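Colleague: Input target_14.txt, format and content: compact mmCIF, C-alpha atoms and all ligand atoms.
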# COMPACT_ATOMS: atom_id res chain seq x y z
CA MET N 1 5.60 38.13 -36.91
CA PHE N 2 6.02 37.35 -33.24
CA ASN N 3 5.35 39.85 -30.45
CA LEU N 4 7.89 40.73 -27.72
CA ARG N 5 8.21 37.88 -25.24
CA THR N 6 8.74 37.48 -21.52
CA LEU N 7 10.34 34.41 -19.95
CA THR N 8 9.36 33.47 -16.38
CA ILE N 9 11.53 30.89 -14.62
CA ARG N 10 9.90 29.38 -11.53
CA THR N 11 11.39 26.98 -9.00
CA VAL N 12 8.44 24.97 -7.74
CA GLU N 13 8.28 22.65 -4.72
CA ILE N 14 5.34 20.27 -4.28
CA PRO N 15 5.15 17.74 -1.40
CA LEU N 16 5.21 14.12 -2.57
CA LYS N 17 2.56 11.67 -1.36
CA TYR N 18 5.28 9.16 -0.44
CA PRO N 19 9.04 9.67 -0.29
CA PHE N 20 10.57 8.40 -3.56
CA LYS N 21 13.60 6.27 -2.84
CA THR N 22 16.00 4.81 -5.39
CA SER N 23 19.44 3.34 -4.66
CA LYS N 24 20.77 6.90 -4.09
CA LEU N 25 17.97 9.43 -3.80
CA ASN N 26 15.33 10.02 -1.13
CA GLU N 27 12.93 12.85 -2.03
CA THR N 28 10.00 14.03 0.13
CA ASP N 29 9.24 17.21 -1.87
CA ARG N 30 9.45 17.43 -5.63
CA GLN N 31 11.51 20.45 -6.61
CA THR N 32 11.24 21.23 -10.32
CA ILE N 33 11.58 24.18 -12.71
CA ILE N 34 8.58 25.52 -14.63
CA LEU N 35 9.18 27.92 -17.53
CA GLU N 36 6.61 30.22 -19.11
CA LEU N 37 7.19 32.00 -22.41
CA SER N 38 4.57 34.64 -23.07
CA ASP N 39 3.96 37.41 -25.59
CA GLY N 40 0.98 38.77 -23.68
CA LYS N 41 -1.44 36.87 -25.91
CA THR N 42 -0.04 33.35 -26.11
CA SER N 43 1.72 31.54 -23.23
CA GLY N 44 3.78 28.37 -23.57
CA PHE N 45 4.83 26.21 -20.61
CA GLY N 46 7.75 23.83 -20.22
CA GLU N 47 9.31 21.85 -17.38
CA ALA N 48 12.96 21.14 -16.58
CA PRO N 49 12.37 18.23 -14.16
CA GLY N 50 15.73 18.32 -12.40
CA VAL N 51 16.70 17.62 -8.79
CA SER N 52 18.06 19.91 -6.09
CA ILE N 53 21.44 18.14 -5.88
CA PRO N 54 23.82 17.01 -8.67
CA ILE N 55 23.03 13.32 -8.24
CA PHE N 56 21.44 12.55 -11.59
CA SER N 57 23.98 14.49 -13.66
CA GLU N 58 26.41 17.37 -13.11
CA GLU N 59 23.42 19.72 -13.17
CA TYR N 60 21.04 20.67 -10.36
CA ASN N 61 18.06 23.04 -10.24
CA GLU N 62 19.88 26.17 -9.08
CA SER N 63 22.59 25.70 -11.70
CA ALA N 64 19.93 25.09 -14.39
CA VAL N 65 18.16 28.37 -13.52
CA LEU N 66 21.47 30.23 -13.82
CA THR N 67 22.30 28.55 -17.16
CA ILE N 68 18.87 29.38 -18.55
CA LYS N 69 19.20 33.00 -17.44
CA LYS N 70 22.77 33.50 -18.72
CA PHE N 71 22.81 31.46 -21.92
CA PHE N 72 19.42 30.15 -23.09
CA SER N 73 17.04 33.03 -22.33
CA ASN N 74 18.12 35.38 -25.12
CA PRO N 75 17.83 32.79 -27.94
CA LEU N 76 14.51 31.69 -26.40
CA LEU N 77 13.09 35.23 -26.41
CA ASN N 78 13.99 35.62 -30.08
CA ALA N 79 13.78 32.24 -31.87
CA THR N 80 11.08 31.90 -34.53
CA SER N 81 11.54 28.14 -34.91
CA ILE N 82 12.91 25.15 -32.99
CA LYS N 83 15.71 24.83 -35.56
CA GLU N 84 16.72 28.44 -35.03
CA PHE N 85 16.81 27.95 -31.24
CA ASN N 86 18.92 24.80 -31.58
CA ASP N 87 21.29 26.37 -34.13
CA GLU N 88 21.82 29.30 -31.73
CA THR N 89 22.40 27.14 -28.63
CA ASN N 90 24.04 23.92 -29.84
CA TRP N 91 27.46 25.30 -28.81
CA ILE N 92 26.44 25.04 -25.12
CA LYS N 93 27.90 21.83 -23.69
CA GLY N 94 25.87 19.65 -21.32
CA ASN N 95 23.25 21.43 -19.17
CA ASN N 96 20.68 19.08 -20.67
CA PHE N 97 17.86 19.76 -18.18
CA ALA N 98 18.13 23.50 -18.78
CA ARG N 99 18.24 22.98 -22.55
CA HIS N 100 15.28 20.61 -22.41
CA GLY N 101 13.10 23.01 -20.37
CA CYS N 102 13.81 25.79 -22.88
CA GLU N 103 13.15 23.67 -25.97
CA ALA N 104 9.96 22.34 -24.31
CA VAL N 105 8.57 25.81 -23.53
CA LEU N 106 9.34 26.96 -27.09
CA TYR N 107 7.63 23.87 -28.57
CA ASP N 108 4.47 24.55 -26.54
CA TYR N 109 4.52 28.27 -27.40
CA LEU N 110 5.03 27.66 -31.15
CA ALA N 111 2.37 24.91 -31.29
CA LYS N 112 -0.08 27.28 -29.58
CA CYS N 113 0.83 30.10 -32.01
CA GLU N 114 0.04 27.67 -34.86
CA ASN N 115 -3.09 26.51 -32.99
CA ILE N 116 -2.18 22.80 -33.28
CA PRO N 117 -1.55 20.04 -30.68
CA LEU N 118 2.11 19.39 -29.93
CA SER N 119 1.66 15.74 -30.99
CA LYS N 120 0.68 16.98 -34.46
CA MET N 121 3.75 19.23 -34.60
CA LEU N 122 5.86 16.12 -33.79
CA LYS N 123 4.01 14.10 -36.50
CA ALA N 124 2.82 11.61 -33.87
CA SER N 125 0.17 9.16 -35.02
CA LYS N 126 -0.94 7.42 -31.79
CA THR N 127 -4.00 8.64 -29.89
CA THR N 128 -3.09 6.72 -26.70
CA VAL N 129 0.24 5.48 -25.31
CA GLU N 130 0.82 2.43 -23.10
CA CYS N 131 2.29 2.98 -19.65
CA GLN N 132 3.98 0.87 -17.00
CA VAL N 133 4.31 1.60 -13.32
CA SER N 134 7.63 2.18 -11.55
CA LEU N 135 7.87 1.15 -7.90
CA GLY N 136 10.55 2.47 -5.53
CA ILE N 137 12.50 0.47 -2.96
CA THR N 138 10.52 -0.34 0.16
CA SER N 139 9.84 -3.35 2.43
CA TYR N 140 8.88 -6.57 0.62
CA GLU N 141 5.39 -6.58 2.15
CA LYS N 142 4.72 -2.98 1.08
CA LEU N 143 6.10 -3.68 -2.40
CA LYS N 144 3.74 -6.65 -2.75
CA LEU N 145 0.77 -4.41 -1.87
CA ASN N 146 1.93 -1.76 -4.37
CA ILE N 147 2.25 -4.36 -7.14
CA ALA N 148 -1.21 -5.80 -6.39
CA GLU N 149 -2.69 -2.30 -6.51
CA ALA N 150 -0.97 -1.52 -9.84
CA ALA N 151 -2.20 -4.82 -11.33
CA LYS N 152 -5.73 -4.01 -10.17
CA THR N 153 -5.53 -0.60 -11.90
CA GLY N 154 -4.74 -2.44 -15.15
CA PHE N 155 -0.97 -2.17 -15.49
CA LYS N 156 0.54 -5.17 -17.29
CA ARG N 157 4.17 -4.19 -16.88
CA ILE N 158 5.74 -3.33 -13.52
CA LYS N 159 9.20 -1.85 -13.07
CA ILE N 160 10.87 -2.58 -9.75
CA LYS N 161 13.82 -0.64 -8.39
CA ILE N 162 16.64 -2.90 -7.18
CA ASP N 163 19.89 -2.29 -5.30
CA GLN N 164 22.74 -4.16 -3.62
CA LYS N 165 20.39 -5.51 -0.92
CA ASN N 166 17.11 -6.04 -2.81
CA ASN N 167 17.73 -7.88 -6.06
CA ILE N 168 17.61 -11.43 -7.51
CA GLU N 169 16.07 -13.19 -4.48
CA MET N 170 13.42 -10.47 -4.05
CA LEU N 171 12.56 -10.55 -7.77
CA LYS N 172 12.25 -14.36 -7.63
CA LYS N 173 9.67 -14.07 -4.83
CA ILE N 174 7.73 -11.40 -6.78
CA LYS N 175 7.73 -13.50 -9.94
CA LYS N 176 6.33 -16.44 -7.99
CA GLU N 177 3.66 -14.26 -6.40
CA PHE N 178 2.64 -12.49 -9.66
CA PRO N 179 3.40 -14.98 -12.49
CA LYS N 180 1.24 -13.18 -15.10
CA LEU N 181 2.80 -9.71 -14.80
CA GLU N 182 5.61 -8.54 -17.04
CA LEU N 183 8.48 -7.50 -14.77
CA THR N 184 11.45 -5.22 -15.38
CA ALA N 185 14.15 -4.18 -12.90
CA ASP N 186 15.96 -0.84 -12.63
CA ALA N 187 19.22 -0.70 -10.67
CA ASN N 188 20.00 3.03 -11.13
CA CYS N 189 23.75 2.27 -11.40
CA ALA N 190 23.86 0.28 -8.11
CA PHE N 191 26.23 -2.49 -9.29
CA SER N 192 29.89 -2.73 -10.24
CA GLU N 193 32.18 -5.16 -12.08
CA ARG N 194 32.46 -7.46 -9.05
CA ASP N 195 28.67 -8.06 -9.30
CA LEU N 196 28.95 -9.61 -12.80
CA PRO N 197 28.57 -13.21 -11.48
CA LEU N 198 25.39 -12.20 -9.59
CA LEU N 199 23.87 -10.40 -12.57
CA GLU N 200 24.63 -13.30 -14.91
CA LYS N 201 21.93 -15.20 -13.02
CA ILE N 202 19.28 -12.70 -14.12
CA ASP N 203 18.07 -14.70 -17.15
CA GLU N 204 16.20 -17.23 -14.98
CA LEU N 205 13.83 -14.39 -13.97
CA GLU N 206 12.74 -13.79 -17.58
CA LEU N 207 12.63 -10.03 -17.02
CA LYS N 208 11.55 -7.86 -19.94
CA MET N 209 14.67 -5.78 -19.29
CA LEU N 210 17.40 -5.00 -16.77
CA GLU N 211 17.80 -1.24 -16.60
CA GLN N 212 21.13 0.48 -15.92
CA PRO N 213 22.91 -2.08 -13.71
CA PHE N 214 26.27 -0.24 -13.83
CA GLY N 215 27.49 3.36 -13.63
CA ALA N 216 26.60 6.03 -16.15
CA TYR N 217 30.09 5.97 -17.69
CA ASP N 218 30.38 2.14 -17.79
CA LEU N 219 29.39 1.45 -21.40
CA LEU N 220 32.02 -1.30 -21.82
CA LEU N 221 30.87 -3.07 -18.68
CA HIS N 222 27.28 -3.03 -19.89
CA SER N 223 28.48 -4.45 -23.22
CA LYS N 224 30.35 -7.22 -21.37
CA LEU N 225 27.22 -8.20 -19.42
CA GLN N 226 24.88 -7.93 -22.44
CA LYS N 227 27.07 -10.44 -24.30
CA ARG N 228 26.69 -12.93 -21.42
CA ILE N 229 22.93 -12.65 -20.81
CA GLU N 230 19.76 -12.98 -22.88
CA THR N 231 17.78 -10.44 -20.82
CA PRO N 232 17.86 -7.14 -22.73
CA ILE N 233 19.85 -4.40 -20.99
CA CYS N 234 18.17 -1.00 -21.08
CA LEU N 235 20.37 2.08 -20.71
CA ASP N 236 19.10 5.19 -18.91
CA GLU N 237 21.75 7.27 -17.06
CA SER N 238 24.41 6.20 -19.63
CA ILE N 239 22.74 8.00 -22.56
CA PRO N 240 23.11 11.82 -22.31
CA ASN N 241 22.95 12.55 -26.06
CA PRO N 242 22.60 10.98 -29.54
CA ALA N 243 26.39 10.54 -29.98
CA VAL N 244 26.70 8.34 -26.89
CA ALA N 245 23.55 6.44 -27.96
CA ARG N 246 25.30 5.66 -31.26
CA ASP N 247 28.40 4.38 -29.41
CA ALA N 248 26.30 2.24 -27.02
CA ILE N 249 24.43 0.66 -29.95
CA GLU N 250 27.70 0.02 -31.83
CA MET N 251 29.25 -1.59 -28.71
CA GLU N 252 26.13 -3.73 -28.13
CA ALA N 253 25.90 -2.28 -24.63
CA CYS N 254 22.08 -2.42 -24.69
CA ARG N 255 19.04 -3.62 -26.63
CA ILE N 256 16.69 -0.97 -25.25
CA ILE N 257 17.03 2.76 -24.47
CA ASN N 258 15.01 4.62 -21.86
CA VAL N 259 14.75 8.10 -23.38
CA LYS N 260 14.20 10.81 -20.80
CA PRO N 261 13.85 13.98 -22.84
CA ALA N 262 15.37 16.13 -20.07
CA ARG N 263 18.35 13.80 -19.63
CA VAL N 264 19.21 13.88 -23.35
CA GLY N 265 18.72 17.65 -23.71
CA GLY N 266 15.35 18.01 -25.36
CA ILE N 267 12.71 16.83 -27.77
CA THR N 268 14.78 17.09 -30.98
CA ARG N 269 17.54 14.92 -29.46
CA SER N 270 14.98 12.42 -28.07
CA LEU N 271 13.49 11.93 -31.53
CA GLU N 272 16.98 11.61 -33.02
CA ILE N 273 17.93 8.86 -30.53
CA ALA N 274 14.67 7.00 -31.18
CA GLU N 275 15.18 7.13 -34.94
CA LEU N 276 18.77 5.93 -34.69
CA SER N 277 17.68 3.14 -32.33
CA THR N 278 14.87 1.92 -34.58
CA LYS N 279 17.25 1.78 -37.57
CA ASN N 280 19.51 -0.50 -35.51
CA GLY N 281 16.85 -2.76 -34.01
CA ILE N 282 16.98 -1.11 -30.57
CA LYS N 283 13.66 -0.38 -28.86
CA CYS N 284 12.81 2.84 -27.01
CA TRP N 285 10.39 4.10 -24.38
CA ILE N 286 9.94 7.34 -22.46
CA GLY N 287 11.11 7.40 -18.85
CA GLY N 288 9.77 9.54 -16.03
CA LEU N 289 11.29 12.09 -13.66
CA LEU N 290 8.32 12.69 -11.33
CA GLU N 291 7.15 15.53 -13.57
CA THR N 292 4.09 17.70 -13.01
CA SER N 293 1.44 17.59 -15.77
CA VAL N 294 3.53 20.19 -17.66
CA GLY N 295 6.34 17.69 -18.25
CA ARG N 296 4.13 14.62 -18.48
CA SER N 297 1.93 16.04 -21.26
CA LEU N 298 5.03 16.72 -23.35
CA ASN N 299 6.33 13.19 -22.66
CA ILE N 300 3.01 11.74 -23.84
CA ALA N 301 3.27 13.65 -27.15
CA ILE N 302 6.81 12.31 -27.71
CA ALA N 303 5.80 8.75 -26.75
CA ALA N 304 3.02 9.01 -29.35
CA THR N 305 5.59 9.17 -32.16
CA ASN N 306 6.31 5.96 -34.09
CA ASN N 307 9.77 5.04 -32.80
CA PHE N 308 8.61 4.63 -29.17
CA THR N 309 7.24 1.10 -29.00
CA LEU N 310 7.52 -0.08 -25.35
CA PRO N 311 5.36 0.87 -22.31
CA ASN N 312 6.41 4.25 -20.89
CA ASP N 313 6.92 5.57 -17.34
CA ILE N 314 4.05 8.02 -17.69
CA ASN N 315 1.54 7.91 -14.83
CA PRO N 316 -0.92 10.51 -13.54
CA PRO N 317 1.16 13.03 -11.51
CA LEU N 318 -1.35 12.75 -8.65
CA ARG N 319 -0.07 9.21 -8.05
CA TYR N 320 3.00 10.84 -6.48
CA LEU N 321 2.29 14.60 -6.06
CA THR N 322 -0.10 15.87 -3.36
CA GLN N 323 -1.31 18.52 -5.82
CA ASP N 324 -0.64 19.24 -9.49
CA ILE N 325 -0.20 22.68 -11.08
CA ALA N 326 -2.25 21.84 -14.20
CA GLU N 327 -5.19 19.70 -15.24
CA GLY N 328 -6.46 18.01 -18.37
CA LEU N 329 -4.41 14.82 -18.74
CA GLU N 330 -6.54 11.71 -19.16
CA PHE N 331 -5.58 8.18 -18.16
CA GLU N 332 -7.50 4.93 -18.39
CA LYS N 333 -6.09 1.76 -16.84
CA ASN N 334 -2.55 1.50 -18.28
CA MET N 335 -3.10 3.96 -21.13
CA ALA N 336 -2.53 7.71 -21.36
CA LYS N 337 -4.59 9.71 -23.84
CA VAL N 338 -2.61 11.94 -26.21
CA PRO N 339 -3.90 15.51 -25.68
CA ALA N 340 -5.77 16.77 -28.73
CA THR N 341 -6.07 20.48 -27.86
CA THR N 342 -3.42 23.06 -28.76
CA GLY N 343 0.19 22.81 -27.51
CA ILE N 344 0.77 20.40 -24.64
CA GLY N 345 -3.01 20.34 -24.16
CA ILE N 346 -3.39 21.06 -20.45
CA LYS N 347 -4.80 23.92 -18.39
CA ILE N 348 -2.42 25.59 -15.92
CA ASN N 349 -3.88 26.25 -12.46
CA SER N 350 -2.33 29.70 -11.83
CA ALA N 351 -3.28 29.76 -8.14
CA LEU N 352 -1.56 26.44 -7.43
CA LEU N 353 1.44 27.37 -9.58
CA GLU N 354 1.83 30.53 -7.49
CA LYS N 355 1.27 28.63 -4.22
CA TYR N 356 4.12 26.18 -4.88
CA THR N 357 6.56 28.70 -6.40
CA VAL N 358 9.54 29.16 -4.06
CA ASP N 359 11.63 31.31 -6.41
CA LYS N 360 10.75 33.35 -9.49
CA LEU N 361 12.77 35.20 -12.11
CA VAL N 362 11.30 37.26 -14.97
CA ILE N 363 13.41 38.01 -18.07
CA LYS N 364 12.39 40.37 -20.87
MG MG T 401 16.07 4.26 -14.77
Any chance you could put this one into structure tokens?

Modeller:
Amino acid sequence: MFNLRTLTIRTVEIPLKYPFKTSKLNETDRQTIILELSDGKTSGFGEAPGVSIPIFSEEYNESAVLTIKKFFSNPLLNATSIKEFNDETNWIKGNNFARHGCEAVLYDYLAKCENIPLSKMLKASKTTVECQVSLGITSYEKLKLNIAEAAKTGFKRIKIKIDQKNNIEMLKKIKKEFPKLELTADANCAFSERDLPLLEKIDELELKMLEQPFGAYDLLLHSKLQKRIETPICLDESIPNPAVARDAIEMEACRIINVKPARVGGITRSLEIAELSTKNGIKCWIGGLLETSVGRSLNIAIAATNNFTLPNDINPPLRYLTQDIAEGLEFEKNMAKVPATTGIGIKINSALLEKYTVDKLVIK
């Protein structure tokens, strides 16, 4: 039997150490949503790591809070299993960040009620997961320093953001400067069909992957490019759910999928995509959305399952946040340790959580 629960939805804003710039976004504060599901005895935490504007998907933080309140909170307050929660809410279209935050908080709560680590609940077998580092667009000199620092820390694989201005020529210079590092490039949808001739030259760089060169809805264009190049294309923004992942695999639009649990609407769907991918020879890894430790610890548990085989975008949150709202994650060089204590395995710092909360809603 479960006791009566309370759901607390917090909008949290933490200053970033450095502005994070991709081809479209420039964030100086990290605004994210932290959910707490409590029965007075046991408290679960989950993060919906969205953004304040609808630039990543149709959703944004304020709309996610409203969706959680109106549609997800009631099933969340009553579900006795993940399956029950999903059966009750699968009719809700889209709103993947909201759905993910709710499934995440329920996973942590249920794992804590059972007194087991989340990784065990997900049948994960790894005790550590390999990570890469992702570097935003900046001046070439600054980028060089950032890469050298990451290499010194022990990272073997470096992901570099590219755009219309900083691409093949910049990557060539980096490859020459750091010949031993494994390089990948992420375009965050910055290119279009007229850039096909430019991108066809990518093979000479021997990148481990080219991530999301074209728009989120451009599956056919990705398929066209993948057929002309050897470099594996990795899809990120293009994969919002398992059904689209199946289409992308069938169309040979990619050889790798970056699974961001929030982007695909939760843990269950992430595992489904990874299983489908493995069956079809497609590799997977877990991407990052500048989460606090609440989101990162969950991502580590998912990355510890068998179908995630490439280095993940999971770094210590204090690499980019000035302060974190929880502690307990352990990293060594390019490896993250899979938490072994109950649930997501971290300790929430209530004072800091309160300090960075800019909006709070309690639902009973
Ligand atoms: Mg990406």

Colleague: Report the distance between atom CA of N:Lys120 and atom CA of N:Thr305 in Å, rounded to one decimal place.

Modeller: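 These two atoms are separated by 9.5 Å.
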
Colleague: Which one of N:Gly136, N:Pro317, N:Pro179, N:Gly94 sits closest to ligand MG 401 (chain T) if you count only C-alpha atoms and all ligand atoms?

Modeller: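 Nearest to ligand MG 401 (chain T): N:Gly136.
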
Colleague: Pick from N:Ile286, N:Val294, N:Ile346, N:Ile325: nearest to N:Val129, with all atoms listed in the file counted?

Modeller: N:Ile286

Colleague: Name the residues in contact with N:Ile68 at a cut-off of 9 Å, using only C-alpha atoms, excluding same-chain residues fewer than 2 positions from it; report them as an mmCIF file with C-alpha atoms, in the frame of the given file.

Modeller:
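So the final result, stored in out_37.cif, reads:
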data_model
loop_
_atom_site.group_PDB
_atom_site.id
_atom_site.type_symbol
_atom_site.label_atom_id
_atom_site.label_comp_id
_atom_site.auth_asym_id
_atom_site.auth_seq_id
_atom_site.Cartn_x
_atom_site.Cartn_y
_atom_site.Cartn_z
ATOM 1 C CA ILE N 9 11.530 30.890 -14.620
ATOM 2 C CA SER N 63 22.590 25.700 -11.700
ATOM 3 C CA ALA N 64 19.930 25.090 -14.390
ATOM 4 C CA VAL N 65 18.160 28.370 -13.520
ATOM 5 C CA LEU N 66 21.470 30.230 -13.820
ATOM 6 C CA LYS N 70 22.770 33.500 -18.720
ATOM 7 C CA PHE N 71 22.810 31.460 -21.920
ATOM 8 C CA PHE N 72 19.420 30.150 -23.090
ATOM 9 C CA SER N 73 17.040 33.030 -22.330
ATOM 10 C CA ASN N 74 18.120 35.380 -25.120
ATOM 11 C CA ALA N 98 18.130 23.500 -18.780
ATOM 12 C CA ARG N 99 18.240 22.980 -22.550
ATOM 13 C CA GLY N 101 13.100 23.010 -20.370
ATOM 14 C CA CYS N 102 13.810 25.790 -22.880
#

Colleague: Which one is closest to N:Ile363: N:Thr11, N:Leu77, N:Ala340, N:Glu27? Count all atoms listed in the file.

Modeller: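 Looking at the shortest contact to N:Ile363, the residue is N:Leu77.
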
Colleague: May I ask for the distance between atom CA of N:Pro242 and atom CA of N:Ala336, given in Å to one decimal place?

Modeller: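 Interatomic distance, atom CA of N:Pro242 to atom CA of N:Ala336: 26.6 Å.
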
Colleague: Give me the residues within 12 Å of N:Ile158 as a PyMOL selection string, counting all atoms listed in the file and dropping any in the same chain fewer than 6 places off.

Modeller: chain N and resi 131-136+143-144+146-152+171+174-175+178-186+207-209+311-313+334

Colleague: Could you give me, as a PyMOL selection string, the residues within 8 Å of N:Asp163, counting only C-alpha atoms and dropping anything in the same chain fewer than 3 positions from it?

Modeller: chain N and resi 23+166-167+187-188+190-191

Colleague: Please produce a file of those selected residues containing C-alpha atoms, as an mmCIF file, in the frame of the given file.

Modeller:
data_model
loop_
_atom_site.group_PDB
_atom_site.id
_atom_site.type_symbol
_atom_site.label_atom_id
_atom_site.label_comp_id
_atom_site.auth_asym_id
_atom_site.auth_seq_id
_atom_site.Cartn_x
_atom_site.Cartn_y
_atom_site.Cartn_z
ATOM 1 C CA SER N 23 19.440 3.340 -4.660
ATOM 2 C CA ASN N 166 17.110 -6.040 -2.810
ATOM 3 C CA ASN N 167 17.730 -7.880 -6.060
ATOM 4 C CA ALA N 187 19.220 -0.700 -10.670
ATOM 5 C CA ASN N 188 20.000 3.030 -11.130
ATOM 6 C CA ALA N 190 23.860 0.280 -8.110
ATOM 7 C CA PHE N 191 26.230 -2.490 -9.290
#

Colleague: Quick one: residues within 10 Å of ligand MG 401 (chain T), with all atoms listed in the file, as a ChimeraX atom specification?

Modeller: /N:22,134,159-161,185-189,210-213,234-238,257-260,287-289,313

Colleague: With only C-alpha atoms as the atoms that count, which of N:Ala253, N:Met335, N:Leu76, N:Leu310 lies nearest to N:Ala274?

Modeller: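 Using only C-alpha atoms, the shortest distance to N:Ala274 belongs to N:Leu310.
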
Colleague: Point out the residue among N:Leu122, N:Cys254, N:Ile229, N:Leu352 with the least atom-to-atom distance to N:Asn299, counting all atoms listed in the file.

Modeller: N:Leu122

Colleague: For the interface of stretch 256-340 of chain N with stretch 12-19 of chain N (cut-off 9 Å, counting only C-alpha atoms), please tabulate each contacting residue of stretch 256-340 of chain N alongside its nearest pair of atoms and their separation in Å to one decimal, rows sorted by chain and increasing number, as CSV.

Modeller:
residue,atom,partner,partner_atom,distance
N:Leu318,CA,N:Lys17,CA,8.3
N:Arg319,CA,N:Lys17,CA,7.6
N:Tyr320,CA,N:Lys17,CA,5.2
N:Leu321,CA,N:Leu16,CA,4.6
N:Thr322,CA,N:Lys17,CA,5.4
N:Gln323,CA,N:Ile14,CA,7.0
N:Asp324,CA,N:Ile14,CA,8.0

Colleague: Looking at N:Glu200, N:Met251, N:Lys333, N:Ala216, which one is nearest to N:Glu230, with distances taken over all atoms listed in the file?

Modeller: N:Glu200

Colleague: Separation of atom CA of N:Thr42 and atom CA of N:Leu361, in Å?

Modeller: 19.1 Å

Colleague: Considering only C-alpha atoms, return as a list in words whatever protein or nucleic-acid residues lie within 12 Å of N:Lys93, sequence-local ones (same chain, fewer than 6 positions apart) excluded.

Modeller: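 The residues satisfying every condition are Glu58, Glu59, Thr67, Phe71, Phe72, Arg99, Pro240, Asn241, Val264 and Gly265 of chain N.
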